[in-house]
$ cat coords.csv   # CSV, C-alpha atoms and all ligand atoms
chain,number,residue,atom,x,y,z
A,1,MET,CA,31.4,-66.1,-26.6
A,2,ALA,CA,33.7,-68.0,-29.0
A,3,PRO,CA,36.6,-70.0,-27.8
A,4,ALA,CA,40.1,-68.5,-28.3
A,5,PRO,CA,41.8,-70.0,-31.4
A,6,GLU,CA,45.1,-71.7,-30.4
A,7,ALA,CA,48.2,-70.7,-32.2
A,8,GLY,CA,49.1,-73.4,-34.6
A,9,GLY,CA,45.5,-74.6,-35.0
A,10,GLY,CA,45.4,-76.9,-32.0
A,11,GLU,CA,42.7,-77.1,-29.3
A,12,PRO,CA,40.9,-73.8,-28.6
A,13,GLY,CA,42.3,-72.0,-25.6
A,14,CYS,CA,40.9,-70.4,-22.5
A,15,ARG,CA,39.3,-66.9,-22.3
A,16,LEU,CA,38.2,-64.4,-19.8
A,17,TYR,CA,34.6,-64.0,-18.7
A,18,LEU,CA,34.0,-60.8,-16.7
A,19,ILE,CA,31.3,-60.5,-14.1
A,20,THR,CA,30.3,-57.0,-12.9
A,21,PRO,CA,31.0,-55.9,-9.3
A,22,PRO,CA,28.1,-56.5,-6.9
A,23,ALA,CA,27.2,-52.8,-6.9
A,24,LEU,CA,27.7,-50.1,-9.5
A,25,GLU,CA,26.5,-46.8,-10.9
A,26,PRO,CA,25.9,-47.6,-14.6
A,27,ALA,CA,27.0,-44.4,-16.2
A,28,ARG,CA,30.2,-44.3,-14.2
A,29,PHE,CA,30.9,-48.0,-14.5
A,30,ALA,CA,30.4,-47.8,-18.3
A,31,ASP,CA,33.8,-46.1,-18.5
A,32,ASP,CA,35.5,-48.7,-16.3
A,33,LEU,CA,34.0,-51.5,-18.3
A,34,ALA,CA,35.1,-49.9,-21.6
A,35,ARG,CA,38.6,-49.6,-20.3
A,36,ALA,CA,38.7,-53.2,-19.1
A,37,LEU,CA,37.4,-54.5,-22.4
A,38,ASP,CA,39.8,-52.4,-24.4
A,39,ALA,CA,42.7,-53.7,-22.3
A,40,GLY,CA,42.8,-57.2,-23.8
A,41,ASP,CA,40.8,-60.3,-24.7
A,42,VAL,CA,37.4,-60.7,-23.0
A,43,ALA,CA,34.9,-63.2,-24.3
A,44,ALA,CA,31.8,-62.2,-22.2
A,45,VAL,CA,30.5,-59.8,-19.6
A,46,GLN,CA,27.8,-60.9,-17.1
A,47,LEU,CA,25.7,-58.2,-15.4
A,48,ARG,CA,25.2,-59.4,-11.9
A,49,LEU,CA,23.3,-57.0,-9.7
A,50,LYS,CA,21.6,-58.9,-6.9
A,51,ASP,CA,20.3,-55.9,-4.9
A,52,VAL,CA,18.5,-53.7,-7.3
A,53,GLY,CA,14.9,-53.6,-8.5
A,54,GLU,CA,13.8,-54.4,-12.0
A,55,ASP,CA,13.7,-50.8,-13.2
A,56,ALA,CA,17.3,-50.2,-12.1
A,57,LEU,CA,18.3,-53.5,-13.7
A,58,ARG,CA,16.8,-52.4,-17.0
A,59,ARG,CA,18.6,-49.1,-16.9
A,60,ALA,CA,21.9,-50.8,-16.1
A,61,ILE,CA,21.4,-53.1,-19.1
A,62,ASP,CA,20.6,-50.2,-21.4
A,63,VAL,CA,23.8,-48.4,-20.4
A,64,LEU,CA,26.2,-51.4,-20.3
A,65,ARG,CA,25.0,-53.8,-23.0
A,66,PRO,CA,26.1,-51.5,-25.8
A,67,VAL,CA,29.5,-51.1,-24.3
A,68,ALA,CA,30.1,-54.9,-24.5
A,69,GLN,CA,28.2,-55.6,-27.7
A,70,SER,CA,29.8,-52.8,-29.7
A,71,ARG,CA,33.1,-54.5,-29.0
A,72,ASP,CA,31.9,-58.0,-30.0
A,73,VAL,CA,31.9,-59.1,-26.4
A,74,ALA,CA,28.8,-61.2,-25.4
A,75,PHE,CA,26.6,-59.6,-22.8
A,76,LEU,CA,24.8,-62.0,-20.4
A,77,LEU,CA,22.4,-61.3,-17.6
A,78,ASN,CA,22.5,-63.0,-14.3
A,79,ASP,CA,19.4,-64.8,-12.9
A,80,ARG,CA,16.8,-63.5,-15.4
A,81,ALA,CA,16.3,-65.2,-18.8
A,82,ASP,CA,13.0,-63.3,-19.4
A,83,LEU,CA,14.7,-59.9,-19.0
A,84,ALA,CA,17.7,-61.0,-21.0
A,85,VAL,CA,15.4,-61.7,-24.0
A,86,GLN,CA,13.3,-58.5,-23.5
A,87,GLN,CA,16.4,-56.3,-23.2
A,88,GLY,CA,18.4,-57.7,-26.1
A,89,CYS,CA,21.1,-59.4,-24.0
A,90,ASP,CA,23.1,-62.3,-25.6
A,91,GLY,CA,22.1,-64.7,-22.9
A,92,ALA,CA,21.5,-65.5,-19.3
A,93,HIS,CA,23.3,-67.2,-16.5
A,94,LEU,CA,21.1,-69.2,-14.1
A,95,GLY,CA,21.9,-70.9,-10.8
A,96,GLN,CA,20.3,-74.1,-9.5
A,97,THR,CA,17.6,-72.1,-7.7
A,98,ASP,CA,17.0,-69.5,-10.5
A,99,GLY,CA,13.8,-71.0,-11.9
A,100,ASP,CA,13.1,-73.6,-14.6
A,101,HIS,CA,16.1,-74.2,-16.8
A,102,ALA,CA,14.2,-75.9,-19.5
A,103,GLN,CA,11.7,-73.1,-19.7
A,104,ALA,CA,14.6,-70.6,-19.8
A,105,ARG,CA,16.2,-72.6,-22.7
A,106,LYS,CA,12.9,-72.2,-24.6
A,107,LEU,CA,12.6,-68.5,-23.8
A,108,LEU,CA,16.2,-67.8,-24.9
A,109,GLY,CA,15.8,-69.8,-28.1
A,110,PRO,CA,18.7,-71.0,-30.2
A,111,GLU,CA,20.2,-67.5,-30.7
A,112,ARG,CA,20.8,-66.6,-27.0
A,113,MET,CA,23.1,-68.4,-24.6
A,114,LEU,CA,22.2,-70.2,-21.4
A,115,GLY,CA,24.8,-70.8,-18.8
A,116,ILE,CA,24.1,-72.9,-15.7
A,117,THR,CA,25.8,-73.1,-12.4
A,118,CYS,CA,26.8,-76.7,-11.6
A,119,HIS,CA,28.9,-76.2,-8.4
A,120,ALA,CA,31.1,-79.3,-8.1
A,121,SER,CA,28.6,-81.7,-9.4
A,122,ARG,CA,29.1,-84.0,-12.4
A,123,HIS,CA,25.4,-84.9,-12.2
A,124,LEU,CA,24.2,-81.3,-12.4
A,125,ALA,CA,26.6,-80.6,-15.3
A,126,MET,CA,25.3,-83.6,-17.3
A,127,GLU,CA,21.8,-82.5,-16.6
A,128,ALA,CA,22.6,-79.0,-17.8
A,129,GLY,CA,24.2,-80.3,-20.9
A,130,GLU,CA,21.1,-82.5,-21.7
A,131,LEU,CA,18.7,-79.6,-21.4
A,132,GLY,CA,20.8,-77.6,-23.9
A,133,ALA,CA,23.0,-75.3,-21.8
A,134,ASP,CA,25.7,-73.5,-23.8
A,135,TYR,CA,28.1,-73.8,-21.0
A,136,VAL,CA,28.4,-75.3,-17.5
A,137,ALA,CA,30.0,-73.4,-14.6
A,138,PHE,CA,31.9,-75.1,-11.9
A,139,GLY,CA,33.1,-73.5,-8.7
A,140,ALA,CA,34.1,-72.1,-6.3
A,141,PHE,CA,37.7,-73.1,-7.0
A,142,PHE,CA,39.2,-70.7,-4.4
A,143,PRO,CA,38.0,-68.7,-1.4
A,144,THR,CA,36.1,-65.6,-2.6
A,145,ALA,CA,35.1,-62.4,-0.9
A,146,THR,CA,32.5,-61.6,-3.6
A,147,LYS,CA,29.8,-63.9,-2.3
A,148,GLN,CA,29.2,-66.7,0.2
A,149,ALA,CA,30.2,-69.7,-1.9
A,150,GLU,CA,28.8,-72.9,-0.4
A,151,HIS,CA,30.5,-75.4,-2.7
A,152,ARG,CA,34.2,-76.1,-3.5
A,153,ALA,CA,35.4,-77.5,-6.8
A,154,GLU,CA,38.7,-79.0,-7.7
A,155,PRO,CA,40.4,-78.8,-11.1
A,156,GLU,CA,39.8,-82.6,-11.6
A,157,ILE,CA,36.2,-81.8,-12.5
A,158,LEU,CA,37.3,-79.6,-15.4
A,159,GLU,CA,39.6,-82.4,-16.6
A,160,TRP,CA,36.9,-84.9,-16.4
A,161,TRP,CA,34.4,-82.6,-18.2
A,162,THR,CA,36.8,-81.7,-20.9
A,163,GLU,CA,37.6,-85.4,-21.6
A,164,MET,CA,34.0,-86.4,-21.7
A,165,PHE,CA,32.1,-83.6,-23.4
A,166,GLU,CA,32.5,-80.9,-26.0
A,167,LEU,CA,30.3,-78.4,-24.2
A,168,PRO,CA,32.4,-75.5,-22.8
A,169,SER,CA,33.1,-75.2,-19.1
A,170,VAL,CA,33.5,-72.0,-17.0
A,171,ALA,CA,35.6,-72.0,-13.8
A,172,ILE,CA,34.6,-69.4,-11.1
A,173,GLY,CA,35.4,-68.4,-7.6
A,174,GLY,CA,38.4,-66.6,-6.2
A,175,ILE,CA,40.3,-66.8,-9.5
A,176,THR,CA,43.3,-64.6,-9.9
A,177,ALA,CA,46.2,-64.2,-12.3
A,178,GLU,CA,48.4,-65.9,-9.6
A,179,ASN,CA,46.2,-69.0,-9.1
A,180,CYS,CA,44.5,-69.6,-12.4
A,181,ALA,CA,47.2,-71.8,-14.2
A,182,PRO,CA,45.9,-75.2,-12.9
A,183,LEU,CA,42.4,-74.4,-14.1
A,184,VAL,CA,43.6,-73.4,-17.6
A,185,ARG,CA,45.7,-76.6,-17.7
A,186,ALA,CA,42.7,-78.7,-16.6
A,187,GLY,CA,40.8,-77.5,-19.6
A,188,ALA,CA,38.6,-74.6,-18.5
A,189,ASP,CA,37.3,-72.8,-21.5
A,190,PHE,CA,36.5,-69.6,-19.7
A,191,LEU,CA,37.6,-68.1,-16.4
A,192,ALA,CA,34.9,-66.0,-14.7
A,193,VAL,CA,36.2,-63.3,-12.4
A,194,VAL,CA,35.0,-60.4,-10.4
A,195,GLY,CA,37.5,-59.3,-7.8
A,196,ALA,CA,40.7,-60.0,-9.8
A,197,VAL,CA,39.7,-57.4,-12.3
A,198,TRP,CA,37.5,-54.8,-10.5
A,199,ASN,CA,39.7,-54.8,-7.3
A,200,HIS,CA,43.0,-55.0,-9.1
A,201,PRO,CA,45.4,-52.6,-7.3
A,202,ASP,CA,46.4,-51.0,-10.6
A,203,GLY,CA,42.8,-50.8,-12.0
A,204,PRO,CA,40.6,-53.1,-14.1
A,205,ALA,CA,42.6,-52.7,-17.3
A,206,ALA,CA,45.7,-54.0,-15.4
A,207,GLY,CA,43.5,-56.9,-14.1
A,208,VAL,CA,42.5,-57.9,-17.6
A,209,ARG,CA,46.1,-57.7,-18.8
A,210,ALA,CA,47.4,-59.8,-15.9
A,211,LEU,CA,44.8,-62.5,-16.4
A,212,ASN,CA,45.3,-62.6,-20.2
A,213,ALA,CA,49.1,-63.0,-19.6
A,214,ALA,CA,48.5,-65.7,-16.9
A,215,ILE,CA,46.2,-67.7,-19.2
A,216,ALA,CA,48.7,-67.5,-22.1
A,217,ALA,CA,51.6,-68.6,-19.8
A,218,ALA,CA,49.7,-71.5,-18.2
B,1,LIG,C1,29.7,-67.9,-14.8
B,1,LIG,C2,29.0,-67.9,-13.5
B,1,LIG,N1,29.1,-69.1,-12.8
B,1,LIG,C3,28.4,-69.2,-11.7
B,1,LIG,C4,27.6,-68.2,-11.2
B,1,LIG,C5,26.8,-68.3,-9.9
B,1,LIG,O1,25.4,-68.3,-10.2
B,1,LIG,P1,24.4,-68.6,-9.0
B,1,LIG,O2,24.8,-69.9,-8.4
B,1,LIG,O3,23.0,-68.4,-9.5
B,1,LIG,O4,24.7,-67.5,-8.0
B,1,LIG,P2,24.5,-65.9,-8.2
B,1,LIG,O5,25.5,-65.4,-9.2
B,1,LIG,O6,23.1,-65.7,-8.7
B,1,LIG,O7,24.7,-65.3,-6.8
B,1,LIG,C6,27.5,-67.0,-12.0
B,1,LIG,N2,26.8,-66.0,-11.6
B,1,LIG,N3,28.2,-66.9,-13.2
B,2,LIG,C1,29.2,-65.2,-8.5
B,2,LIG,C2,30.0,-66.3,-8.0
B,2,LIG,N1,29.5,-67.6,-8.1
B,2,LIG,C3,30.4,-68.5,-7.6
B,2,LIG,C4,30.1,-69.9,-7.5
B,2,LIG,O1,30.9,-70.7,-6.9
B,2,LIG,O2,29.2,-70.4,-8.1
B,2,LIG,S1,31.8,-67.8,-6.9
B,2,LIG,C5,31.2,-66.2,-7.4
B,2,LIG,C6,32.0,-65.0,-7.1
B,2,LIG,C7,33.1,-64.8,-8.1
B,2,LIG,O3,33.8,-63.6,-7.7
B,2,LIG,P1,35.4,-63.6,-7.5
B,2,LIG,O4,36.0,-63.7,-8.9
B,2,LIG,O5,35.6,-62.2,-7.0
B,2,LIG,O6,35.7,-64.6,-6.6
B,3,MG,MG,21.8,-66.9,-9.7
$ encode --input "coords.csv" --output "structure tokens" --more "lines below"
Ligand SMILES: Cc1ncc(COP(=O)(O)OP(=O)(O)O)c(N)n1
Ligand SMILES: Cc1nc(C(=O)O)sc1CCOP(=O)(O)O
Ligand SMILES: [Mg+2]
Amino acid sequence: MAPAPEAGGGEPGCRLYLITPPALEPARFADDLARALDAGDVAAVQLRLKDVGEDALRRAIDVLRPVAQSRDVAFLLNDRADLAVQQGCDGAHLGQTDGDHAQARKLLGPERMLGITCHASRHLAMEAGELGADYVAFGAFFPTATKQAEHRAEPEILEWWTEMFELPSVAIGGITAENCAPLVRAGADFLAVVGAVWNHPDGPAAGVRALNAAIAAA
């Protein structure tokens, strides 16, 4: 999940972080995922299936992980650091109620990534940084239909974080090609999106292209 090199050797740029749709059939979705990843620059994919049991989750990982990893795109698992390790994922994303972050850090070891949701809290972000997170995620920046988001973040938190710390930040929540520019300019290292890609009227590949273009133009 490397940052994008900036033309001319300046500060690294912002990259796309895809999160899977809330429900999917792995074999069918594998084709959509491949098309999306082949359409442009994507740093990471997060498998986020909240409503399936462990067996189905393992099957989905087995089908989708190679699609990402074979393209040098990091594959992270939502909510489960233990399963991320067992199933060969590149990391896990944990929220504030997703167990013990320090224990997850140990489980994941130095090779695998840990991302932590920090809502709109500077305090949570500094805590996450101290315990060794690989990125902090702020959001929701815009209204989202993907989940009931209880916190609202403003671009200022990205500016503050970027000025104070080297650790990468992820912006999430209702982000589209049309509204992402202030987040990119505020210093977000990654934009995490669901709907703007998977629900794009011209298909996921068009969604990736539109976001790549919007990031480059910001
Ligand atoms: C990159 C990224 N940021 C935030 C979240 C939200 O995580 P969480 O608060 O645990 O909520 P759920 O995704 O588990 O509903 C995320 N998944 N990814
Ligand atoms: C999974 C998730 N977490 C959020 C947070 O604010 O922590 S918002 C969100 C949903 C992101 O989907 P979309 O790009 O469709 O808005
Ligand atoms: Mg969670």
$ residues_near_ligand --input "coords.csv" --ligand "ligand LIG 2 (chain B)" --cutoff "8 Å" --atoms "only C-alpha atoms and all ligand atoms" --output "PyMOL selection string"
chain A and resi 19+48+95+117-119+137-152+172-176+192-196
$ residues_around --input "coords.csv" --residues "Tyr135 of chain A" --least-positions-apart "2" --cutoff "10 Å" --atoms "all atoms listed in the file" --output "list in words"
His93, Met113, Leu114, Gly115, Ile116, Thr117, Cys118, Ala125, Ala128, Gly129, Gly132, Ala133, Ala137, Phe138, Glu166, Leu167, Pro168, Ser169, Val170, Asp189 and Phe190 of chain A
$ residues_near_ligand --input "coords.csv" --ligand "ligand MG 3 (chain B)" --cutoff "7 Å" --atoms "only C-alpha atoms and all ligand atoms" --output "list in words"
Asn78, Asp79, His93, Leu94, Gly95, Thr97 and Asp98 of chain A
$ residues_around --input "coords.csv" --residues "segment 61-63 of chain A" --least-positions-apart "2" --cutoff "7 Å" --atoms "all atoms listed in the file" --output "PyMOL selection string"
chain A and resi 26-27+30+57-59+65-66
$ write_last_selection --input "coords.csv" --atoms "C-alpha atoms" --output "PDB file, keeping the file's coordinate frame"
ATOM      1  CA  PRO A  26      25.900 -47.600 -14.600  1.00  0.00           C
ATOM      2  CA  ALA A  27      27.000 -44.400 -16.200  1.00  0.00           C
ATOM      3  CA  ALA A  30      30.400 -47.800 -18.300  1.00  0.00           C
ATOM      4  CA  LEU A  57      18.300 -53.500 -13.700  1.00  0.00           C
ATOM      5  CA  ARG A  58      16.800 -52.400 -17.000  1.00  0.00           C
ATOM      6  CA  ARG A  59      18.600 -49.100 -16.900  1.00  0.00           C
ATOM      7  CA  ARG A  65      25.000 -53.800 -23.000  1.00  0.00           C
ATOM      8  CA  PRO A  66      26.100 -51.500 -25.800  1.00  0.00           C
TER       9      PRO A  66
END
$ atom_distance --input "coords.csv" --atom1 "atom CA of Gln86 of chain A" --atom2 "atom CA of Ala104 of chain A"
12.7 Å
$ atom_distance --input "coords.csv" --atom1 "atom CA of Gln96 of chain A" --atom2 "atom CA of Leu47 of chain A"
17.8 Å
$ closest_residue --input "coords.csv" --among "A:Ala205, A:Leu191, A:Leu211, A:Met126" --to "Ala177 of chain A" --atoms "only C-alpha atoms"
A:Leu211
$ closest_residue --input "coords.csv" --among "A:Val184, A:Val136, A:Ala213, A:Ala74" --to "ligand LIG 1 (chain B)" --atoms "all atoms listed in the file"
A:Val136
$ residues_around --input "coords.csv" --residues "Val85 of chain A" --least-positions-apart "2" --cutoff "12 Å" --atoms "all atoms listed in the file" --output "JSON, numbers by chain"
{"A": [58, 61, 75, 76, 77, 80, 81, 82, 83, 87, 88, 89, 90, 91, 92, 104, 105, 106, 107, 108, 109, 110, 111, 112, 113, 114]}
$ atom_distance --input "coords.csv" --atom1 "atom C4 of ligand LIG 1 (chain B)" --atom2 "atom CA of Tyr17 of chain A"
11.1 Å
$ closest_residue --input "coords.csv" --among "A:Phe29, A:Asp38, A:Asp202, A:Gln46" --to "Ser70 of chain A" --atoms "only C-alpha atoms"
A:Asp38
$ closest_residue --input "coords.csv" --among "A:Arg28, A:Cys14, A:Lys50, A:Pro3" --to "Pro182 of chain A" --atoms "only C-alpha atoms"
A:Cys14
$ closest_residue --input "coords.csv" --among "A:Ala39, A:Leu183, A:Leu49, A:Leu158" --to "ligand LIG 1 (chain B)" --atoms "only C-alpha atoms and all ligand atoms"
A:Leu49
$ closest_residue --input "coords.csv" --among "A:Gly207, A:Ala60, A:Pro21, A:Glu178" --to "ligand LIG 1 (chain B)" --atoms "all atoms listed in the file"
A:Pro21
$ residues_near_point --input "coords.csv" --point "(30.1, -86.2, -19.2)" --cutoff "8 Å" --atoms "all atoms listed in the file" --output "list in words"
Arg122, Ala125, Met126, Trp160, Trp161, Glu163, Met164 and Phe165 of chain A
$ build_atoms --input "coords.csv" --residues "segment 135-150 of chain A" --atoms "N, CA and C atoms" --output "short mmCIF file (atom, residue, chain, number, x, y, z; two decimals), in the frame of the given file"
data_model
loop_
_atom_site.label_atom_id
_atom_site.label_comp_id
_atom_site.auth_asym_id
_atom_site.auth_seq_id
_atom_site.Cartn_x
_atom_site.Cartn_y
_atom_site.Cartn_z
N TYR A 135 26.95 -73.52 -21.76
CA TYR A 135 28.10 -73.80 -21.00
C TYR A 135 27.73 -74.25 -19.57
N VAL A 136 28.62 -74.96 -18.91
CA VAL A 136 28.40 -75.30 -17.50
C VAL A 136 29.46 -74.62 -16.68
N ALA A 137 29.04 -74.13 -15.51
CA ALA A 137 30.00 -73.40 -14.60
C ALA A 137 30.24 -74.19 -13.38
N PHE A 138 31.54 -74.39 -13.09
CA PHE A 138 31.90 -75.10 -11.90
C PHE A 138 32.63 -74.12 -10.93
N GLY A 139 32.43 -74.32 -9.62
CA GLY A 139 33.10 -73.50 -8.70
C GLY A 139 32.50 -73.68 -7.27
N ALA A 140 33.00 -73.06 -6.27
CA ALA A 140 34.10 -72.10 -6.30
C ALA A 140 35.44 -72.81 -6.16
N PHE A 141 36.41 -72.44 -7.01
CA PHE A 141 37.70 -73.10 -7.00
C PHE A 141 38.60 -72.59 -5.86
N PHE A 142 38.39 -71.35 -5.46
CA PHE A 142 39.20 -70.70 -4.40
C PHE A 142 38.30 -69.93 -3.50
N PRO A 143 38.79 -69.58 -2.30
CA PRO A 143 38.00 -68.70 -1.40
C PRO A 143 37.68 -67.40 -2.13
N THR A 144 36.48 -66.90 -1.97
CA THR A 144 36.10 -65.60 -2.60
C THR A 144 35.43 -64.71 -1.63
N ALA A 145 35.75 -63.44 -1.77
CA ALA A 145 35.10 -62.40 -0.90
C ALA A 145 33.88 -61.84 -1.60
N THR A 146 33.60 -62.24 -2.83
CA THR A 146 32.50 -61.60 -3.60
C THR A 146 31.15 -62.14 -3.16
N LYS A 147 31.10 -63.41 -2.79
CA LYS A 147 29.80 -63.90 -2.30
C LYS A 147 30.12 -65.13 -1.36
N GLN A 148 29.11 -65.51 -0.63
CA GLN A 148 29.20 -66.70 0.20
C GLN A 148 29.10 -67.92 -0.64
N ALA A 149 30.22 -68.51 -0.98
CA ALA A 149 30.20 -69.70 -1.90
C ALA A 149 30.08 -70.94 -1.00
N GLU A 150 29.05 -71.75 -1.25
CA GLU A 150 28.80 -72.90 -0.40
C GLU A 150 29.42 -74.20 -0.94
#
